[in-house]
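Colleague: Got coords00.csv for you, CSV, C-alpha atoms:
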```
chain,number,residue,atom,x,y,z
A,1,MET,CA,-11.4,-37.8,20.7
A,2,LYS,CA,-9.1,-36.1,18.2
A,3,ILE,CA,-6.4,-33.8,19.7
A,4,LYS,CA,-7.5,-30.9,17.5
A,5,GLU,CA,-10.9,-31.1,19.1
A,6,ILE,CA,-9.3,-31.0,22.5
A,7,ALA,CA,-7.3,-27.9,21.6
A,8,LYS,CA,-10.5,-26.3,20.3
A,9,LEU,CA,-12.4,-27.2,23.5
A,10,LEU,CA,-9.7,-25.6,25.6
A,11,ASN,CA,-9.3,-22.6,23.4
A,12,ALA,CA,-5.6,-23.4,23.4
A,13,LYS,CA,-2.3,-22.8,21.4
A,14,THR,CA,-0.4,-25.7,19.9
A,15,PHE,CA,3.4,-26.3,19.5
A,16,GLY,CA,5.7,-29.2,18.5
A,17,ASN,CA,4.6,-32.1,16.4
A,18,LEU,CA,1.4,-30.7,14.9
A,19,LYS,CA,0.8,-33.9,12.9
A,20,LEU,CA,-0.5,-35.4,16.1
A,21,LEU,CA,-3.5,-33.0,16.0
A,22,GLU,CA,-5.2,-35.6,13.9
A,23,ASN,CA,-4.5,-38.4,16.4
A,24,GLU,CA,-7.2,-39.9,18.7
A,25,VAL,CA,-6.7,-40.1,22.4
A,26,GLU,CA,-8.8,-42.1,24.8
A,27,PHE,CA,-7.2,-41.5,28.2
A,28,ALA,CA,-5.9,-38.4,30.1
A,29,PHE,CA,-4.0,-37.9,33.4
A,30,SER,CA,-3.7,-34.7,35.4
A,31,SER,CA,-0.7,-34.2,37.7
A,32,ASP,CA,2.1,-31.9,38.6
A,33,LEU,CA,4.0,-34.8,40.1
A,34,MET,CA,6.1,-36.4,37.4
A,35,SER,CA,6.7,-39.5,39.7
A,36,ASP,CA,3.0,-40.1,39.4
A,37,VAL,CA,3.0,-39.8,35.6
A,38,LEU,CA,5.8,-42.4,35.5
A,39,THR,CA,3.4,-45.0,37.1
A,40,VAL,CA,0.9,-44.7,34.2
A,41,LYS,CA,0.9,-48.0,32.3
A,42,ASN,CA,-1.3,-46.9,29.3
A,43,GLN,CA,0.1,-45.9,25.9
A,44,ASN,CA,-0.9,-42.7,24.0
A,45,VAL,CA,-2.0,-40.8,27.0
A,46,LEU,CA,-2.7,-37.1,27.2
A,47,LEU,CA,-1.1,-35.3,30.2
A,48,LEU,CA,-2.5,-32.1,31.9
A,49,THR,CA,0.1,-30.4,34.1
A,50,GLY,CA,1.1,-27.0,35.5
A,51,LEU,CA,4.7,-28.0,35.6
A,52,THR,CA,6.5,-26.2,32.7
A,53,ASN,CA,10.0,-27.6,32.6
A,54,ILE,CA,12.2,-29.9,30.5
A,55,GLN,CA,11.6,-32.8,32.8
A,56,SER,CA,7.8,-32.7,32.0
A,57,ILE,CA,8.8,-33.5,28.4
A,58,ARG,CA,11.3,-36.1,29.3
A,59,THR,CA,8.7,-37.7,31.6
A,60,ALA,CA,6.2,-37.7,28.7
A,61,GLU,CA,8.8,-39.3,26.4
A,62,MET,CA,9.4,-42.2,28.8
A,63,SER,CA,5.7,-42.6,29.7
A,64,ASP,CA,4.5,-42.7,26.1
A,65,VAL,CA,2.5,-39.5,26.6
A,66,ILE,CA,1.9,-38.0,23.1
A,67,ASN,CA,0.5,-34.7,24.1
A,68,ILE,CA,1.1,-32.4,27.1
A,69,ILE,CA,-1.4,-29.6,28.0
A,70,TYR,CA,0.1,-26.9,30.2
A,71,VAL,CA,-2.7,-25.3,32.2
A,72,ARG,CA,-3.1,-22.1,34.1
A,73,GLY,CA,-1.5,-20.0,31.4
A,74,LYS,CA,1.9,-21.4,31.8
A,75,LYS,CA,4.3,-20.6,29.0
A,76,ILE,CA,6.3,-23.2,27.1
A,77,SER,CA,10.0,-22.2,26.7
A,78,ASP,CA,11.9,-22.4,23.5
A,79,GLU,CA,14.1,-25.1,25.0
A,80,MET,CA,10.9,-27.2,25.7
A,81,LYS,CA,9.6,-26.6,22.1
A,82,GLU,CA,12.9,-27.8,20.6
A,83,LEU,CA,12.9,-31.0,22.7
A,84,ALA,CA,9.2,-31.6,21.9
A,85,GLU,CA,10.0,-31.3,18.1
A,86,GLU,CA,13.0,-33.6,18.5
A,87,ILE,CA,11.1,-36.4,20.2
A,88,GLY,CA,7.9,-35.8,18.3
A,89,ILE,CA,5.3,-34.9,20.9
A,90,LEU,CA,2.7,-32.1,20.8
A,91,LEU,CA,2.5,-29.3,23.4
A,92,ILE,CA,-0.6,-27.2,24.2
A,93,GLU,CA,-0.8,-24.0,26.1
A,94,CYS,CA,-4.1,-23.4,27.9
A,95,ASP,CA,-5.3,-20.6,30.1
A,96,TYR,CA,-7.8,-22.7,32.0
A,97,SER,CA,-7.1,-24.1,35.5
A,98,MET,CA,-6.2,-27.8,35.8
A,99,PHE,CA,-9.7,-28.4,37.3
A,100,LYS,CA,-11.5,-26.6,34.5
A,101,ALA,CA,-9.5,-28.1,31.7
A,102,SER,CA,-9.8,-31.7,33.2
A,103,GLY,CA,-13.6,-31.2,33.7
A,104,ILE,CA,-14.2,-30.0,30.2
A,105,LEU,CA,-12.3,-33.0,28.7
A,106,TYR,CA,-13.9,-35.5,31.1
A,107,SER,CA,-17.4,-34.3,30.3
A,108,ASN,CA,-16.6,-34.6,26.6
A,109,GLY,CA,-15.7,-38.2,26.9
A,110,LEU,CA,-12.0,-38.5,27.7
A,111,LYS,CA,-11.4,-41.3,30.2
A,112,PRO,CA,-9.4,-41.3,33.5
A,113,ILE,CA,-6.6,-43.8,34.0
A,114,TYR,CA,-7.2,-44.6,37.6
B,1,MET,CA,25.8,-54.2,22.7
B,2,HIS,CA,27.4,-51.9,25.3
B,3,PHE,CA,26.8,-48.2,26.0
B,4,GLU,CA,28.1,-45.9,28.6
B,5,TYR,CA,26.8,-42.4,29.6
B,6,ASN,CA,28.2,-39.9,32.1
B,7,ILE,CA,25.8,-38.2,34.5
B,8,ILE,CA,26.5,-34.8,35.9
B,9,SER,CA,25.3,-34.0,39.4
B,10,GLY,CA,22.5,-31.3,39.3
B,11,ASP,CA,22.3,-31.2,35.5
B,12,PHE,CA,18.5,-31.4,35.3
B,13,SER,CA,18.5,-30.0,31.7
B,14,ASN,CA,20.1,-33.2,30.5
B,15,ALA,CA,18.6,-35.7,33.0
B,16,GLY,CA,16.9,-38.3,30.9
B,17,SER,CA,19.0,-37.9,27.8
B,18,ALA,CA,20.7,-41.3,28.4
B,19,SER,CA,17.2,-42.9,28.9
B,20,SER,CA,16.1,-41.2,25.7
B,21,GLN,CA,19.0,-42.7,23.7
B,22,ILE,CA,18.4,-46.2,25.1
B,23,LYS,CA,14.7,-45.9,24.1
B,24,LYS,CA,15.8,-45.2,20.5
B,25,VAL,CA,18.2,-48.2,20.5
B,26,LEU,CA,15.4,-50.5,21.9
B,27,LYS,CA,13.0,-49.3,19.2
B,28,GLN,CA,15.6,-50.0,16.5
B,29,LEU,CA,15.9,-53.5,18.0
B,30,ASN,CA,12.1,-54.0,17.7
B,31,VAL,CA,11.7,-54.7,21.4
B,32,GLU,CA,8.0,-54.8,22.4
B,33,THR,CA,6.5,-51.3,23.2
B,34,VAL,CA,5.4,-52.4,26.7
B,35,THR,CA,8.9,-53.7,27.5
B,36,ILE,CA,10.5,-50.6,26.2
B,37,LYS,CA,8.3,-48.5,28.5
B,38,ARG,CA,9.2,-50.6,31.6
B,39,ILE,CA,13.0,-50.3,30.8
B,40,VAL,CA,13.0,-46.6,30.1
B,41,VAL,CA,10.8,-45.7,33.1
B,42,ALA,CA,13.1,-47.7,35.4
B,43,LEU,CA,16.2,-46.2,33.8
B,44,TYR,CA,14.8,-42.6,33.8
B,45,GLU,CA,13.9,-42.8,37.5
B,46,ALA,CA,17.4,-44.1,38.3
B,47,GLU,CA,19.0,-41.5,36.1
B,48,VAL,CA,17.1,-38.7,37.9
B,49,ASN,CA,18.2,-40.1,41.2
B,50,VAL,CA,21.8,-39.9,40.2
B,51,VAL,CA,21.4,-36.3,39.0
B,52,ALA,CA,19.5,-35.4,42.2
B,53,HIS,CA,21.4,-37.2,44.9
B,54,SER,CA,25.0,-38.0,43.8
B,55,PHE,CA,28.2,-36.1,43.0
B,56,GLY,CA,28.0,-37.7,39.5
B,57,GLY,CA,28.2,-41.1,38.0
B,58,THR,CA,28.1,-43.4,35.0
B,59,ILE,CA,25.4,-45.6,33.4
B,60,PHE,CA,26.6,-48.9,31.9
B,61,VAL,CA,24.1,-50.6,29.6
B,62,ASP,CA,24.5,-54.1,28.2
B,63,ILE,CA,22.0,-55.6,25.8
B,64,ASN,CA,21.9,-59.1,24.6
B,65,THR,CA,19.1,-61.2,23.0
B,66,GLU,CA,17.7,-62.2,26.3
B,67,GLU,CA,17.9,-59.2,28.6
B,68,ILE,CA,19.0,-55.6,29.2
B,69,LEU,CA,21.3,-54.9,32.1
B,70,LEU,CA,21.5,-51.3,33.4
B,71,ARG,CA,24.1,-50.5,36.0
B,72,LEU,CA,24.2,-47.0,37.5
B,73,LYS,CA,27.3,-46.3,39.5
B,74,ASP,CA,27.8,-43.0,41.3
B,75,THR,CA,30.0,-41.3,43.9
B,76,GLY,CA,28.2,-39.5,46.6
B,77,PRO,CA,26.6,-39.6,50.0
B,78,GLY,CA,25.3,-43.2,49.6
B,79,ILE,CA,22.1,-44.6,51.1
B,80,PRO,CA,22.3,-45.3,54.8
B,81,ASP,CA,19.2,-47.5,55.0
B,82,ILE,CA,18.3,-49.1,51.7
B,83,LYS,CA,15.1,-50.8,53.1
B,84,LEU,CA,13.8,-47.4,54.3
B,85,ALA,CA,14.7,-45.8,51.0
B,86,MET,CA,12.7,-48.4,49.1
B,87,GLN,CA,9.5,-47.5,51.1
B,88,GLU,CA,7.0,-45.5,49.0
B,89,GLY,CA,6.8,-42.0,50.3
B,90,PHE,CA,10.3,-41.9,51.9
B,91,SER,CA,12.4,-39.2,50.4
B,92,THR,CA,15.5,-37.1,51.1
B,93,ALA,CA,15.1,-34.9,48.0
B,94,SER,CA,15.8,-31.2,48.1
B,95,PRO,CA,13.1,-28.6,47.5
B,96,GLN,CA,14.7,-28.0,44.1
B,97,VAL,CA,14.2,-31.6,43.1
B,98,ARG,CA,10.6,-31.5,44.4
B,99,GLU,CA,9.9,-28.3,42.2
B,100,MET,CA,11.0,-30.5,39.2
B,101,GLY,CA,8.1,-32.8,39.9
B,102,PHE,CA,10.1,-35.5,41.6
B,103,GLY,CA,11.2,-36.4,45.2
B,104,ALA,CA,7.9,-37.9,46.3
B,105,GLY,CA,9.6,-41.1,47.4
B,106,MET,CA,8.3,-43.2,44.6
B,107,GLY,CA,11.3,-43.6,42.4
B,108,LEU,CA,13.0,-46.8,43.8
B,109,ALA,CA,9.6,-48.5,44.3
B,110,ASN,CA,8.7,-47.7,40.7
B,111,ILE,CA,12.0,-49.0,39.5
B,112,LYS,CA,11.3,-52.3,41.4
B,113,LYS,CA,7.8,-52.6,39.8
B,114,ASN,CA,9.2,-52.2,36.3
B,115,ALA,CA,12.4,-54.4,36.7
B,116,ASP,CA,12.7,-58.2,36.6
B,117,LYS,CA,15.6,-57.8,39.0
B,118,LEU,CA,16.8,-54.8,41.1
B,119,GLU,CA,20.0,-54.8,43.2
B,120,ILE,CA,21.2,-51.8,45.2
B,121,LYS,CA,24.6,-51.6,46.8
B,122,SER,CA,25.6,-48.5,48.8
B,123,GLU,CA,28.3,-47.3,51.0
B,124,VAL,CA,27.7,-44.2,53.1
B,125,GLY,CA,30.2,-41.4,52.0
B,126,VAL,CA,31.4,-43.4,49.0
B,127,GLY,CA,28.5,-44.0,46.6
B,128,THR,CA,25.7,-46.2,45.2
B,129,GLU,CA,25.5,-48.8,42.6
B,130,VAL,CA,22.0,-49.7,41.2
B,131,THR,CA,21.7,-52.7,38.9
B,132,ILE,CA,18.4,-53.2,37.0
B,133,MET,CA,17.7,-56.2,34.8
B,134,VAL,CA,14.7,-56.5,32.4
B,135,LYS,CA,14.1,-59.6,30.3
B,136,LEU,CA,13.4,-58.6,26.7
B,137,ASN,CA,11.2,-61.5,25.6
B,138,GLU,CA,8.4,-61.6,28.2
```
Could you write out this structure as structure tokens?
Modeller:
Amino acid sequence: MKIKEIAKLLNAKTFGNLKLLENEVEFAFSSDLMSDVLTVKNQNVLLLTGLTNIQSIRTAEMSDVINIIYVRGKKISDEMKELAEEIGILLIECDYSMFKASGILYSNGLKPIY
Amino acid sequence: MHFEYNIISGDFSNAGSASSQIKKVLKQLNVETVTIKRIVVALYEAEVNVVAHSFGGTIFVDINTEEILLRLKDTGPGIPDIKLAMQEGFSTASPQVREMGFGAGMGLANIKKNADKLEIKSEVGVGTEVTIMVKLNE
């Protein structure tokens, strides 16, 4: 699924590397625990999280996550936007809960990792 | 190639910046993507550990054609029982570290999974030295 379709399905706002909106993703992972995200072996993964801090972006960078969706209406700080621009990942703000956002994406064909 | 990075205790804003720089270097060296991920995940976990648990430390990185050697040396409380610390789920992390999304007791176990060799030396009340080796051509 293209990331721009994901953003549309979640009625979400996008920040960072907007070129990635045209990229396809196959797998997603939902977690607030960055230690869990660091165990993901797949490349080009989409992460759904409620954890809005710099470490979520650093974790994404190390884990080859190309897109982070922040759920439950969490706001992305300017510091986070700057880092996302620098390392070239896409950030999405979404008002839906983690359960609802994950459910919408799963029912539209995104695959789980585990 | 040799690189060194200082790590400041409690500086979570910059935790991961050394791992980020090493990732760039490895990309420039055309190391396989899967190997880069193993290296930077192990290094990042170790870097966060130093920020979270020590009084500060240094990362020494040596890269040759065969392998990358990452040595993280810190001063701090040390690890009283390394075997126990290696167990998944065991953690002494502060609530602040847990709020950051870490401290679930998975870090050292994840480093071990990603490394070809992991050695931990620690002295209580002095500090800890973690050495991680990953082969570059496998």
Colleague: Each residue of chain B with at least one atom at most 7 Å from chain A should appear once, together with its nearest atom pair and the corresponding distance in Å (one decimal); atoms considered: all atoms listed in the file; ordering: chain, then increasing residue number; output as a tab-separated table.
Modeller:
```
residue	atom	partner	partner_atom	distance
B:Ser13	CA	A:Ile54	CA	6.4
B:Gly16	CA	A:Arg58	CA	6.2
B:Lys37	CA	A:Met62	CA	6.4
B:Val40	CA	A:Met62	CA	5.8
B:Val41	CA	A:Met62	CA	5.7
B:Met100	CA	A:Gln55	CA	6.8
B:Gly101	CA	A:Leu33	CA	4.6
B:Phe102	CA	A:Ser35	CA	5.6
B:Ala104	CA	A:Ser35	CA	6.9
B:Met106	CA	A:Ser35	CA	6.3
B:Gly107	CA	A:Ser35	CA	6.7
B:Asn110	CA	A:Thr39	CA	7.0
```
Colleague: Using CA of Leu69 (chain B) and CA of Thr128 (chain B) as the two end points, give the distance in Å to one decimal.
Modeller: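 Separation of CA of Leu69 (chain B) and CA of Thr128 (chain B): 16.3 Å.
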Colleague: Of the candidates B:Gly57, B:Ile132, B:Glu88, B:Ile39, which shows the shortest atom-to-atom distance to Lys27 (chain B), using all atoms listed in the file?
Modeller: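 When distances to Lys27 (chain B) are compared using all atoms listed in the file, the smallest one comes from B:Ile39.
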Colleague: Just the residues within 7 Å of Ile113 (chain A), please, counting all atoms listed in the file, with nothing from its chain fewer than 4 positions along; format it as a list in words.
Modeller: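 Result of the neighbour search: Phe27, Ala28 and Phe29 of chain A.
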Colleague: List the neighbours of region 70-83 of chain B out to 9 Å using all atoms listed in the file; skip same-chain residues closer than 6 positions along the sequence, and give me the result as a ChimeraX atom specification.
Modeller: /B:7,39,43,46-47,50,53-63,120-134
Colleague: Residues proximal to (-10.6, -27.7, 36.4) were defined as those with any atom within 12 Å of that point in the file's coordinates, counting all atoms listed in the file. Which are they, as a ChimeraX atom specification?
Modeller: /A:10,30-31,48-50,71-72,94-107
Colleague: Keeping only C-alpha atoms, write the selected residues to a file as a CSV table (one decimal), in the coordinates of the input.
Modeller:
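File produced: part.csv:
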```csv
chain,number,residue,atom,x,y,z
A,10,LEU,CA,-9.7,-25.6,25.6
A,30,SER,CA,-3.7,-34.7,35.4
A,31,SER,CA,-0.7,-34.2,37.7
A,48,LEU,CA,-2.5,-32.1,31.9
A,49,THR,CA,0.1,-30.4,34.1
A,50,GLY,CA,1.1,-27.0,35.5
A,71,VAL,CA,-2.7,-25.3,32.2
A,72,ARG,CA,-3.1,-22.1,34.1
A,94,CYS,CA,-4.1,-23.4,27.9
A,95,ASP,CA,-5.3,-20.6,30.1
A,96,TYR,CA,-7.8,-22.7,32.0
A,97,SER,CA,-7.1,-24.1,35.5
A,98,MET,CA,-6.2,-27.8,35.8
A,99,PHE,CA,-9.7,-28.4,37.3
A,100,LYS,CA,-11.5,-26.6,34.5
A,101,ALA,CA,-9.5,-28.1,31.7
A,102,SER,CA,-9.8,-31.7,33.2
A,103,GLY,CA,-13.6,-31.2,33.7
A,104,ILE,CA,-14.2,-30.0,30.2
A,105,LEU,CA,-12.3,-33.0,28.7
A,106,TYR,CA,-13.9,-35.5,31.1
A,107,SER,CA,-17.4,-34.3,30.3
```
Colleague: State, in Å with one decimal place, the distance from CA of Thr14 (chain A) to CA of Met80 (chain A).
Modeller: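 The value is 12.8 Å.
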Colleague: One decimal, in Å: what's the spacing between CA of Asn44 (chain A) and CA of Ala18 (chain B)?
Modeller: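 Interatomic distance, CA of Asn44 (chain A) to CA of Ala18 (chain B): 22.1 Å.
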Colleague: As number ranges by chain, please: the residues near Lys2 (chain A) (cut-off 8 Å, all atoms listed in the file, same-chain neighbours under 3 positions excluded).
Modeller: A: 5-6, 21-25
Colleague: Give the centre and edge lengths of an axis-aligned box, in Å to one decimal, that holds all listed atoms of region 76-89 of chain A with 4 Å on each side, as AutoDock Vina command-line options.
Modeller:
```
--center_x 9.7 --center_y -29.3 --center_z 22.6 --size_x 16.8 --size_y 22.2 --size_z 17.0
```
Colleague: Give the answer as one residue: which of B:Leu136, B:Ile68, B:Leu84, B:Met1 has the shortest atom-to-atom distance to Gly105 (chain B), using all atoms listed in the file?
Modeller: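 Selected residue with least distance to Gly105 (chain B): B:Leu84.
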Colleague: Considering all atoms listed in the file, state which residue in the set A:Asn108, A:Asn11, A:Ser77, A:Asn17 is at the smallest distance from Ile89 (chain A).
Modeller: A:Asn17
Colleague: Taking the structure I provided as the source, export region 31-44 of chain A with N, CA, C and O atoms, as an mmCIF file, in the first residue's frame.
Modeller:
```cif
data_model
loop_
_atom_site.group_PDB
_atom_site.id
_atom_site.type_symbol
_atom_site.label_atom_id
_atom_site.label_comp_id
_atom_site.auth_asym_id
_atom_site.auth_seq_id
_atom_site.Cartn_x
_atom_site.Cartn_y
_atom_site.Cartn_z
ATOM 1 N N SER A 31 3.651 -0.364 18.557
ATOM 2 C CA SER A 31 4.239 -0.526 19.898
ATOM 3 C C SER A 31 4.635 0.819 20.495
ATOM 4 O O SER A 31 5.047 1.720 19.779
ATOM 5 N N ASP A 32 4.515 0.905 21.819
ATOM 6 C CA ASP A 32 5.064 2.055 22.542
ATOM 7 C C ASP A 32 6.427 1.706 23.138
ATOM 8 O O ASP A 32 7.083 2.554 23.730
ATOM 9 N N LEU A 33 6.807 0.447 22.993
ATOM 10 C CA LEU A 33 8.068 -0.016 23.580
ATOM 11 C C LEU A 33 9.153 -0.060 22.497
ATOM 12 O O LEU A 33 9.117 -0.890 21.594
ATOM 13 N N MET A 34 10.089 0.887 22.583
ATOM 14 C CA MET A 34 11.118 0.981 21.542
ATOM 15 C C MET A 34 12.027 -0.252 21.525
ATOM 16 O O MET A 34 12.543 -0.641 20.485
ATOM 17 N N SER A 35 12.216 -0.866 22.700
ATOM 18 C CA SER A 35 13.014 -2.100 22.762
ATOM 19 C C SER A 35 12.392 -3.180 21.879
ATOM 20 O O SER A 35 13.094 -3.989 21.282
ATOM 21 N N ASP A 36 11.063 -3.208 21.792
ATOM 22 C CA ASP A 36 10.372 -4.163 20.928
ATOM 23 C C ASP A 36 10.611 -3.830 19.453
ATOM 24 O O ASP A 36 10.821 -4.711 18.631
ATOM 25 N N VAL A 37 10.567 -2.534 19.148
ATOM 26 C CA VAL A 37 10.761 -2.098 17.754
ATOM 27 C C VAL A 37 12.156 -2.510 17.275
ATOM 28 O O VAL A 37 12.340 -2.909 16.122
ATOM 29 N N LEU A 38 13.126 -2.461 18.191
ATOM 30 C CA LEU A 38 14.511 -2.789 17.830
ATOM 31 C C LEU A 38 14.724 -4.280 17.567
ATOM 32 O O LEU A 38 15.793 -4.681 17.125
ATOM 33 N N THR A 39 13.724 -5.097 17.826
ATOM 34 C CA THR A 39 13.846 -6.536 17.524
ATOM 35 C C THR A 39 13.303 -6.874 16.130
ATOM 36 O O THR A 39 13.433 -8.009 15.680
ATOM 37 N N VAL A 40 12.695 -5.879 15.465
ATOM 38 C CA VAL A 40 12.093 -6.124 14.151
ATOM 39 C C VAL A 40 13.185 -6.306 13.096
ATOM 40 O O VAL A 40 14.067 -5.460 12.960
ATOM 41 N N LYS A 41 13.131 -7.396 12.369
ATOM 42 C CA LYS A 41 14.191 -7.693 11.391
ATOM 43 C C LYS A 41 13.877 -7.131 9.993
ATOM 44 O O LYS A 41 14.773 -6.928 9.187
ATOM 45 N N ASN A 42 12.589 -6.904 9.691
ATOM 46 C CA ASN A 42 12.197 -6.470 8.335
ATOM 47 C C ASN A 42 12.721 -5.066 8.007
ATOM 48 O O ASN A 42 12.976 -4.264 8.900
ATOM 49 N N GLN A 43 12.827 -4.803 6.698
ATOM 50 C CA GLN A 43 13.200 -3.464 6.229
ATOM 51 C C GLN A 43 11.912 -2.725 5.811
ATOM 52 O O GLN A 43 10.883 -3.344 5.591
ATOM 53 N N ASN A 44 12.010 -1.403 5.661
ATOM 54 C CA ASN A 44 10.897 -0.576 5.190
ATOM 55 C C ASN A 44 9.583 -0.827 5.916
ATOM 56 O O ASN A 44 8.549 -1.088 5.303
#
```
